[in-house]
Every structure is written in C-alpha cells, then in structure tokens.
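So this block is run_25.cif, mmCIF, N, CA and C atoms:
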```
data_coords
#
loop_
_atom_site.label_atom_id
_atom_site.label_comp_id
_atom_site.auth_asym_id
_atom_site.auth_seq_id
_atom_site.Cartn_x
_atom_site.Cartn_y
_atom_site.Cartn_z
N MET A 1 -30.12 -37.38 24.95
CA MET A 1 -29.41 -37.65 26.17
C MET A 1 -28.64 -36.39 26.57
N HIS A 2 -28.80 -36.00 27.81
CA HIS A 2 -28.20 -34.78 28.32
C HIS A 2 -27.04 -35.13 29.24
N PHE A 3 -25.86 -34.55 28.95
CA PHE A 3 -24.68 -34.80 29.77
C PHE A 3 -24.44 -33.60 30.66
N SER A 4 -24.05 -33.87 31.87
CA SER A 4 -23.70 -32.80 32.79
C SER A 4 -22.19 -32.75 32.92
N GLU A 5 -21.72 -31.76 33.64
CA GLU A 5 -20.28 -31.62 33.84
C GLU A 5 -19.75 -32.78 34.68
N ASP A 6 -20.56 -33.27 35.59
CA ASP A 6 -20.12 -34.39 36.42
C ASP A 6 -19.92 -35.65 35.58
N ASP A 7 -20.86 -35.86 34.61
CA ASP A 7 -20.71 -37.01 33.72
C ASP A 7 -19.44 -36.91 32.90
N LEU A 8 -19.16 -35.72 32.43
CA LEU A 8 -17.96 -35.49 31.63
C LEU A 8 -16.71 -35.70 32.48
N ARG A 9 -16.71 -35.20 33.70
CA ARG A 9 -15.57 -35.40 34.58
C ARG A 9 -15.34 -36.88 34.86
N GLU A 10 -16.41 -37.60 35.05
CA GLU A 10 -16.30 -39.03 35.33
C GLU A 10 -15.75 -39.78 34.12
N ALA A 11 -16.20 -39.38 32.92
CA ALA A 11 -15.73 -40.06 31.71
C ALA A 11 -14.26 -39.77 31.44
N LEU A 12 -13.81 -38.57 31.77
CA LEU A 12 -12.43 -38.17 31.50
C LEU A 12 -11.49 -38.41 32.68
N LYS A 13 -11.99 -38.99 33.72
CA LYS A 13 -11.20 -39.24 34.91
C LYS A 13 -10.09 -40.26 34.60
N ARG A 14 -8.93 -40.06 35.17
CA ARG A 14 -7.80 -40.96 34.97
C ARG A 14 -8.12 -42.32 35.61
N LYS A 15 -7.86 -43.35 34.82
CA LYS A 15 -8.15 -44.72 35.30
C LYS A 15 -6.86 -45.53 35.29
N ASP A 16 -6.74 -46.43 36.21
CA ASP A 16 -5.57 -47.29 36.33
C ASP A 16 -5.67 -48.39 35.26
N PRO A 17 -4.62 -48.59 34.42
CA PRO A 17 -4.69 -49.61 33.38
C PRO A 17 -4.65 -51.04 33.93
N GLY A 18 -4.34 -51.19 35.14
CA GLY A 18 -4.34 -52.53 35.73
C GLY A 18 -2.93 -53.05 35.91
N GLU A 19 -2.85 -54.21 36.59
CA GLU A 19 -1.56 -54.81 36.86
C GLU A 19 -1.00 -55.45 35.61
N GLY A 20 0.28 -55.34 35.39
CA GLY A 20 0.94 -56.00 34.28
C GLY A 20 0.75 -55.31 32.94
N PHE A 21 0.32 -54.06 32.97
CA PHE A 21 0.12 -53.33 31.71
C PHE A 21 1.42 -53.20 30.94
N THR A 22 2.49 -52.83 31.62
CA THR A 22 3.78 -52.64 30.97
C THR A 22 4.27 -53.95 30.37
N GLN A 23 4.11 -55.07 31.10
CA GLN A 23 4.57 -56.36 30.58
C GLN A 23 3.76 -56.78 29.36
N ARG A 24 2.45 -56.57 29.37
CA ARG A 24 1.61 -56.92 28.21
C ARG A 24 2.01 -56.09 26.99
N LEU A 25 2.24 -54.81 27.21
CA LEU A 25 2.60 -53.92 26.10
C LEU A 25 3.95 -54.33 25.51
N MET A 26 4.92 -54.60 26.36
CA MET A 26 6.25 -54.99 25.87
C MET A 26 6.19 -56.34 25.15
N ALA A 27 5.34 -57.24 25.59
CA ALA A 27 5.19 -58.54 24.93
C ALA A 27 4.62 -58.35 23.52
N ARG A 28 3.66 -57.45 23.38
CA ARG A 28 3.10 -57.18 22.04
C ARG A 28 4.15 -56.57 21.12
N VAL A 29 4.95 -55.67 21.65
CA VAL A 29 6.00 -55.03 20.83
C VAL A 29 7.00 -56.08 20.39
N GLU A 30 7.42 -56.95 21.28
CA GLU A 30 8.37 -58.01 20.93
C GLU A 30 7.78 -58.96 19.90
N GLN A 31 6.52 -59.28 20.03
CA GLN A 31 5.85 -60.18 19.09
C GLN A 31 5.79 -59.53 17.71
N ALA A 32 5.49 -58.24 17.65
CA ALA A 32 5.41 -57.55 16.36
C ALA A 32 6.79 -57.49 15.71
N LYS A 33 7.83 -57.31 16.51
CA LYS A 33 9.19 -57.30 15.95
C LYS A 33 9.55 -58.66 15.40
N ALA A 34 9.19 -59.69 16.09
CA ALA A 34 9.51 -61.05 15.66
C ALA A 34 8.79 -61.41 14.37
N GLU A 35 7.57 -60.96 14.21
CA GLU A 35 6.80 -61.25 12.99
C GLU A 35 7.18 -60.33 11.84
N GLY A 36 7.83 -59.24 12.14
CA GLY A 36 8.22 -58.29 11.10
C GLY A 36 7.09 -57.37 10.67
N THR A 37 6.06 -57.28 11.45
CA THR A 37 4.93 -56.40 11.10
C THR A 37 5.05 -55.03 11.74
N ALA A 38 6.08 -54.86 12.55
CA ALA A 38 6.25 -53.56 13.19
C ALA A 38 6.64 -52.53 12.14
N GLN A 39 5.97 -51.42 12.17
CA GLN A 39 6.26 -50.35 11.21
C GLN A 39 7.12 -49.31 11.88
N PRO A 40 8.12 -48.83 11.17
CA PRO A 40 8.94 -47.79 11.77
C PRO A 40 8.13 -46.51 11.97
N VAL A 41 8.42 -45.84 13.02
CA VAL A 41 7.72 -44.60 13.32
C VAL A 41 8.31 -43.51 12.44
N THR A 42 7.51 -42.99 11.55
CA THR A 42 7.95 -41.91 10.67
C THR A 42 6.94 -40.79 10.73
N LYS A 43 7.42 -39.66 10.48
CA LYS A 43 6.56 -38.50 10.44
C LYS A 43 5.92 -38.44 9.06
N LYS A 44 4.61 -38.41 9.03
CA LYS A 44 3.92 -38.39 7.75
C LYS A 44 3.78 -36.95 7.27
N ILE A 45 4.16 -36.74 6.03
CA ILE A 45 4.05 -35.42 5.43
C ILE A 45 2.97 -35.50 4.36
N ASN A 46 2.01 -34.63 4.46
CA ASN A 46 0.94 -34.62 3.47
C ASN A 46 1.42 -33.95 2.19
N GLY A 47 1.14 -34.57 1.09
CA GLY A 47 1.47 -34.00 -0.19
C GLY A 47 2.78 -34.51 -0.73
N LYS A 48 2.80 -34.72 -2.03
CA LYS A 48 4.00 -35.24 -2.67
C LYS A 48 5.11 -34.20 -2.72
N PHE A 49 4.72 -32.94 -2.94
CA PHE A 49 5.72 -31.89 -3.07
C PHE A 49 6.50 -31.70 -1.78
N LEU A 50 5.78 -31.67 -0.65
CA LEU A 50 6.47 -31.48 0.62
C LEU A 50 7.37 -32.66 0.96
N SER A 51 6.91 -33.88 0.66
CA SER A 51 7.77 -35.02 0.94
C SER A 51 8.99 -35.01 0.01
N TRP A 52 8.83 -34.55 -1.21
CA TRP A 52 9.95 -34.45 -2.16
C TRP A 52 10.99 -33.47 -1.62
N LEU A 53 10.51 -32.34 -1.05
CA LEU A 53 11.45 -31.35 -0.52
C LEU A 53 12.21 -31.87 0.69
N THR A 54 11.57 -32.67 1.52
CA THR A 54 12.28 -33.18 2.69
C THR A 54 13.33 -34.20 2.32
N HIS A 55 13.14 -34.91 1.21
CA HIS A 55 14.11 -35.90 0.78
C HIS A 55 15.25 -35.27 -0.02
N ARG A 56 15.06 -34.08 -0.51
CA ARG A 56 16.09 -33.40 -1.30
C ARG A 56 16.31 -31.99 -0.72
N PRO A 57 17.04 -31.87 0.36
CA PRO A 57 17.20 -30.55 1.00
C PRO A 57 17.98 -29.55 0.15
N ALA A 58 18.88 -30.01 -0.71
CA ALA A 58 19.62 -29.07 -1.55
C ALA A 58 18.67 -28.36 -2.51
N TRP A 59 17.73 -29.13 -3.06
CA TRP A 59 16.74 -28.52 -3.95
C TRP A 59 15.85 -27.56 -3.18
N ALA A 60 15.51 -27.92 -1.96
CA ALA A 60 14.67 -27.05 -1.14
C ALA A 60 15.37 -25.72 -0.89
N VAL A 61 16.65 -25.78 -0.57
CA VAL A 61 17.42 -24.55 -0.34
C VAL A 61 17.50 -23.73 -1.63
N ALA A 62 17.70 -24.40 -2.76
CA ALA A 62 17.78 -23.69 -4.04
C ALA A 62 16.45 -23.01 -4.36
N ILE A 63 15.35 -23.70 -4.10
CA ILE A 63 14.03 -23.11 -4.38
C ILE A 63 13.78 -21.90 -3.48
N VAL A 64 14.12 -22.03 -2.21
CA VAL A 64 13.94 -20.90 -1.28
C VAL A 64 14.81 -19.73 -1.71
N ALA A 65 16.05 -20.00 -2.12
CA ALA A 65 16.94 -18.93 -2.57
C ALA A 65 16.37 -18.24 -3.81
N MET A 66 15.83 -19.02 -4.74
CA MET A 66 15.24 -18.43 -5.95
C MET A 66 14.03 -17.56 -5.59
N LEU A 67 13.21 -18.05 -4.67
CA LEU A 67 12.04 -17.26 -4.26
C LEU A 67 12.47 -15.95 -3.59
N LEU A 68 13.47 -16.01 -2.73
CA LEU A 68 13.96 -14.80 -2.09
C LEU A 68 14.54 -13.82 -3.11
N LEU A 69 15.28 -14.34 -4.07
CA LEU A 69 15.85 -13.50 -5.11
C LEU A 69 14.74 -12.85 -5.95
N ALA A 70 13.74 -13.64 -6.29
CA ALA A 70 12.62 -13.10 -7.09
C ALA A 70 11.88 -12.02 -6.31
N CYS A 71 11.66 -12.24 -5.02
CA CYS A 71 10.99 -11.23 -4.20
C CYS A 71 11.84 -9.97 -4.08
N GLY A 72 13.14 -10.14 -3.94
CA GLY A 72 14.02 -8.97 -3.85
C GLY A 72 14.03 -8.16 -5.13
N ILE A 73 14.13 -8.83 -6.26
CA ILE A 73 14.13 -8.13 -7.54
C ILE A 73 12.79 -7.45 -7.78
N GLY A 74 11.72 -8.16 -7.45
CA GLY A 74 10.38 -7.58 -7.61
C GLY A 74 10.20 -6.35 -6.73
N GLY A 75 10.69 -6.41 -5.50
CA GLY A 75 10.59 -5.26 -4.60
C GLY A 75 11.39 -4.07 -5.12
N TYR A 76 12.57 -4.35 -5.65
CA TYR A 76 13.39 -3.27 -6.20
C TYR A 76 12.71 -2.62 -7.41
N GLN A 77 12.18 -3.44 -8.30
CA GLN A 77 11.50 -2.91 -9.48
C GLN A 77 10.28 -2.10 -9.08
N TYR A 78 9.55 -2.57 -8.06
CA TYR A 78 8.38 -1.83 -7.61
C TYR A 78 8.78 -0.48 -7.03
N SER A 79 9.88 -0.45 -6.25
CA SER A 79 10.32 0.83 -5.69
C SER A 79 10.77 1.78 -6.79
N GLU A 80 11.44 1.26 -7.82
CA GLU A 80 11.83 2.11 -8.95
C GLU A 80 10.60 2.64 -9.69
N TYR A 81 9.61 1.78 -9.86
CA TYR A 81 8.37 2.20 -10.52
C TYR A 81 7.69 3.32 -9.71
N ARG A 82 7.60 3.15 -8.38
CA ARG A 82 6.97 4.16 -7.53
C ARG A 82 7.74 5.47 -7.60
N HIS A 83 9.07 5.40 -7.62
CA HIS A 83 9.90 6.61 -7.70
C HIS A 83 9.65 7.33 -9.02
N ALA A 84 9.63 6.58 -10.12
CA ALA A 84 9.37 7.19 -11.43
C ALA A 84 7.97 7.79 -11.48
N GLU A 85 7.01 7.10 -10.89
CA GLU A 85 5.63 7.59 -10.88
C GLU A 85 5.51 8.88 -10.06
N GLU A 86 6.19 8.93 -8.91
CA GLU A 86 6.18 10.15 -8.09
C GLU A 86 6.84 11.31 -8.84
N ASN A 87 7.94 11.04 -9.56
CA ASN A 87 8.58 12.09 -10.35
C ASN A 87 7.67 12.59 -11.46
N ARG A 88 6.97 11.67 -12.12
CA ARG A 88 6.05 12.07 -13.19
C ARG A 88 4.93 12.94 -12.63
N ILE A 89 4.40 12.57 -11.49
CA ILE A 89 3.31 13.34 -10.87
C ILE A 89 3.83 14.72 -10.46
N ALA A 90 5.05 14.78 -9.91
CA ALA A 90 5.63 16.06 -9.51
C ALA A 90 5.85 16.97 -10.71
N ARG A 91 6.34 16.38 -11.83
CA ARG A 91 6.53 17.19 -13.04
C ARG A 91 5.19 17.71 -13.57
N ALA A 92 4.17 16.86 -13.53
CA ALA A 92 2.85 17.28 -14.02
C ALA A 92 2.30 18.42 -13.16
N LYS A 93 2.47 18.33 -11.83
CA LYS A 93 2.00 19.39 -10.95
C LYS A 93 2.78 20.68 -11.19
N GLN A 94 4.09 20.55 -11.37
CA GLN A 94 4.92 21.73 -11.64
C GLN A 94 4.49 22.40 -12.94
N GLN A 95 4.25 21.60 -13.96
CA GLN A 95 3.82 22.15 -15.25
C GLN A 95 2.46 22.83 -15.11
N GLN A 96 1.55 22.23 -14.35
CA GLN A 96 0.24 22.82 -14.14
C GLN A 96 0.36 24.15 -13.40
N LEU A 97 1.22 24.19 -12.38
CA LEU A 97 1.42 25.44 -11.64
C LEU A 97 2.02 26.51 -12.54
N GLN A 98 2.94 26.11 -13.41
CA GLN A 98 3.55 27.07 -14.32
C GLN A 98 2.51 27.62 -15.30
N GLN A 99 1.64 26.76 -15.81
CA GLN A 99 0.59 27.22 -16.71
C GLN A 99 -0.37 28.17 -16.00
N GLU A 100 -0.72 27.86 -14.76
CA GLU A 100 -1.59 28.74 -13.99
C GLU A 100 -0.92 30.09 -13.74
N ALA A 101 0.38 30.06 -13.46
CA ALA A 101 1.11 31.31 -13.24
C ALA A 101 1.15 32.15 -14.51
N GLU A 102 1.38 31.52 -15.65
CA GLU A 102 1.38 32.25 -16.92
C GLU A 102 0.01 32.83 -17.22
N ARG A 103 -1.04 32.05 -16.94
CA ARG A 103 -2.41 32.53 -17.16
C ARG A 103 -2.70 33.73 -16.25
N ALA A 104 -2.26 33.66 -14.99
CA ALA A 104 -2.47 34.77 -14.05
C ALA A 104 -1.68 36.00 -14.50
N ARG A 105 -0.46 35.79 -15.00
CA ARG A 105 0.34 36.92 -15.50
C ARG A 105 -0.34 37.58 -16.68
N ASP A 106 -0.85 36.75 -17.61
CA ASP A 106 -1.54 37.30 -18.78
C ASP A 106 -2.79 38.08 -18.38
N GLN A 107 -3.52 37.57 -17.39
CA GLN A 107 -4.72 38.26 -16.92
C GLN A 107 -4.34 39.58 -16.23
N ALA A 108 -3.24 39.57 -15.48
CA ALA A 108 -2.80 40.80 -14.81
C ALA A 108 -2.37 41.84 -15.85
N ILE A 109 -1.67 41.41 -16.88
CA ILE A 109 -1.26 42.35 -17.95
C ILE A 109 -2.48 42.91 -18.65
N MET A 110 -3.47 42.05 -18.92
CA MET A 110 -4.68 42.52 -19.59
C MET A 110 -5.44 43.51 -18.70
N ALA A 111 -5.48 43.24 -17.38
CA ALA A 111 -6.16 44.15 -16.46
C ALA A 111 -5.45 45.50 -16.43
N LEU A 112 -4.11 45.47 -16.43
CA LEU A 112 -3.35 46.73 -16.43
C LEU A 112 -3.57 47.50 -17.74
N GLU A 113 -3.64 46.79 -18.85
CA GLU A 113 -3.89 47.46 -20.14
C GLU A 113 -5.28 48.10 -20.16
N ILE A 114 -6.27 47.39 -19.63
CA ILE A 114 -7.63 47.93 -19.58
C ILE A 114 -7.66 49.16 -18.67
N ALA A 115 -6.98 49.05 -17.50
CA ALA A 115 -6.94 50.18 -16.57
C ALA A 115 -6.23 51.37 -17.20
N ARG A 116 -5.13 51.11 -17.93
CA ARG A 116 -4.40 52.20 -18.60
C ARG A 116 -5.28 52.86 -19.66
N ALA A 117 -5.99 52.03 -20.43
CA ALA A 117 -6.86 52.59 -21.46
C ALA A 117 -7.96 53.44 -20.84
N LYS A 118 -8.55 52.98 -19.75
CA LYS A 118 -9.60 53.74 -19.07
C LYS A 118 -9.04 55.05 -18.51
N MET A 119 -7.86 54.97 -17.90
CA MET A 119 -7.24 56.17 -17.34
C MET A 119 -6.91 57.18 -18.45
N ASN A 120 -6.40 56.70 -19.58
CA ASN A 120 -6.12 57.60 -20.70
C ASN A 120 -7.41 58.25 -21.19
N HIS A 121 -8.48 57.44 -21.28
CA HIS A 121 -9.76 57.97 -21.74
C HIS A 121 -10.28 59.05 -20.77
N VAL A 122 -10.18 58.77 -19.45
CA VAL A 122 -10.63 59.75 -18.45
C VAL A 122 -9.75 60.99 -18.51
N LEU A 123 -8.46 60.80 -18.67
CA LEU A 123 -7.54 61.94 -18.72
C LEU A 123 -7.83 62.80 -19.96
N GLN A 124 -8.04 62.18 -21.10
CA GLN A 124 -8.36 62.94 -22.31
C GLN A 124 -9.68 63.69 -22.15
N HIS A 125 -10.64 63.00 -21.56
CA HIS A 125 -11.95 63.63 -21.36
C HIS A 125 -11.83 64.81 -20.39
N ALA A 126 -11.00 64.66 -19.37
CA ALA A 126 -10.81 65.74 -18.40
C ALA A 126 -10.07 66.91 -19.04
N GLN A 127 -9.10 66.64 -19.91
CA GLN A 127 -8.35 67.71 -20.55
C GLN A 127 -9.23 68.46 -21.54
N LEU A 128 -10.08 67.75 -22.24
CA LEU A 128 -10.96 68.42 -23.19
C LEU A 128 -11.95 69.32 -22.48
N GLN A 129 -12.44 68.89 -21.36
CA GLN A 129 -13.40 69.73 -20.63
C GLN A 129 -12.69 70.88 -19.92
N ALA A 130 -11.46 70.71 -19.56
CA ALA A 130 -10.74 71.75 -18.83
C ALA A 130 -10.39 72.93 -19.73
N GLU A 131 -10.16 72.74 -20.99
CA GLU A 131 -9.75 73.84 -21.87
C GLU A 131 -10.85 74.88 -22.09
N PRO A 132 -12.07 74.53 -22.49
CA PRO A 132 -13.07 75.58 -22.71
C PRO A 132 -13.52 76.23 -21.41
N ASN A 133 -13.56 75.54 -20.36
CA ASN A 133 -14.05 76.11 -19.11
C ASN A 133 -12.91 76.60 -18.23
N ASP A 134 -11.76 76.79 -18.78
CA ASP A 134 -10.59 77.20 -18.02
C ASP A 134 -10.82 78.58 -17.40
N LYS A 135 -11.46 79.44 -18.12
CA LYS A 135 -11.71 80.79 -17.61
C LYS A 135 -12.70 80.76 -16.47
N ILE A 136 -13.70 79.92 -16.60
CA ILE A 136 -14.72 79.85 -15.56
C ILE A 136 -14.09 79.32 -14.27
N ARG A 137 -13.23 78.40 -14.39
CA ARG A 137 -12.59 77.84 -13.22
C ARG A 137 -11.69 78.85 -12.55
N ARG A 138 -11.00 79.60 -13.31
CA ARG A 138 -10.09 80.60 -12.74
C ARG A 138 -10.89 81.68 -12.01
N GLU A 139 -12.04 81.96 -12.53
CA GLU A 139 -12.85 83.00 -11.88
C GLU A 139 -13.38 82.51 -10.55
N ARG A 140 -13.65 81.28 -10.46
CA ARG A 140 -14.18 80.75 -9.20
C ARG A 140 -13.09 80.68 -8.14
N LEU A 141 -11.89 80.50 -8.50
CA LEU A 141 -10.82 80.42 -7.51
C LEU A 141 -10.53 81.76 -7.00
#
```
If you convert what's in this file into structure tokens, what do you get?
Amino acid sequence: MHFSEDDLREALKRKDPGEGFTQRLMARVEQAKAEGTAQPVTKKINGKFLSWLTHRPAWAVAIVAMLLLACGIGGYQYSEYRHAEENRIARAKQQQLQQEAERARDQAIMALEIARAKMNHVLQHAQLQAEPNDKIRRERL
C-alpha cells in the first residue's frame, strides 16, 4: 500500500472530538476518584540507582562532591606527573647535548694535535732540506 502526502495530511488533520467531550472526560475522572483506581501522576525514573538518588538528595550531593573531589585530585596528580616528565625529558636532552659537546671538543683537540704533528713533521723536513742546500739557495738569490 502506497501512501501519498495527501493521505498523510488527511490522517493527521485536526478533528473535532465532538460535543460533550469535556463533560465525558470529567465524569470518567470523577468515577476513577470515587473507585480509588486513579493513580497519582508521577514522573517515572528508569533504574533503581536514579530513583534512589532522587529520594535521598543529601546522598546525591555527597556523591557528586566526592566525584568532583576525585576528579580534582586526579587532575592535579596528572599535571604534577606531566611536569615531572617534562623535567626528566629536559634533563635527558641537556645531558645528551653536553655529551655531544664534549665529544666535539675531544674531536677538535684530536684534530689540532694531528695538525700540529703534521706541521712539526713538515717543519722538520723543511729545516733538514734547507741546511745542505743553503748555499745553493743563496746563490740563486
């Protein structure tokens, strides 16, 4: 069966309940009160725990306060943990940089020692060659 929008509009259209609707309704309410079958209108809460909290508001406030306190303490501890972790990471990076600097210093000292040794070797070699050929050099000048 296929419904169109017109069918839906017709089905949902406001209809007049008829004459005497209010009187019939009030008569039923009065009859239910007289028989004692009328149920009080209450808001139904699903679950035993939620209904327990609505009947004991002091306990509800205490539970909410405890939860807030627990969240606050947990947040503080987490922030302290993050601060300590950041400090540990910073110290580790500083130590690593210091080790790299010491390694670079040691390499620079070794390079200077090698350069000094090479320069001394070249200087000695130049002095040894300059002594026997000293006369030849003077003659050329």
| request: Could you tell me how far atom N of Trp52 in chain A lies from CA of Val64 in chain A, in Å and to one decimal? | output: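 Distance reported for this atom pair: 14.6 Å.
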| request: as a ChimeraX atom specification, please: all residues of range 6-134 of chain A that backbone DSSP puts in helix (DSSP H, G or I). | output: /A:6-11,21-35,48-55,57-130,134
| request: Can you work out the spacing between CA of Asp106 in chain A and CA of Val122 in chain A in Å, to one decimal? | output: 24.2 Å
| task | Could you tell me how far CA of Lys15 in chain A lies from CA of Val29 in chain A, in Å and to one decimal? | result |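 Distance reported for this atom pair: 22.7 Å.
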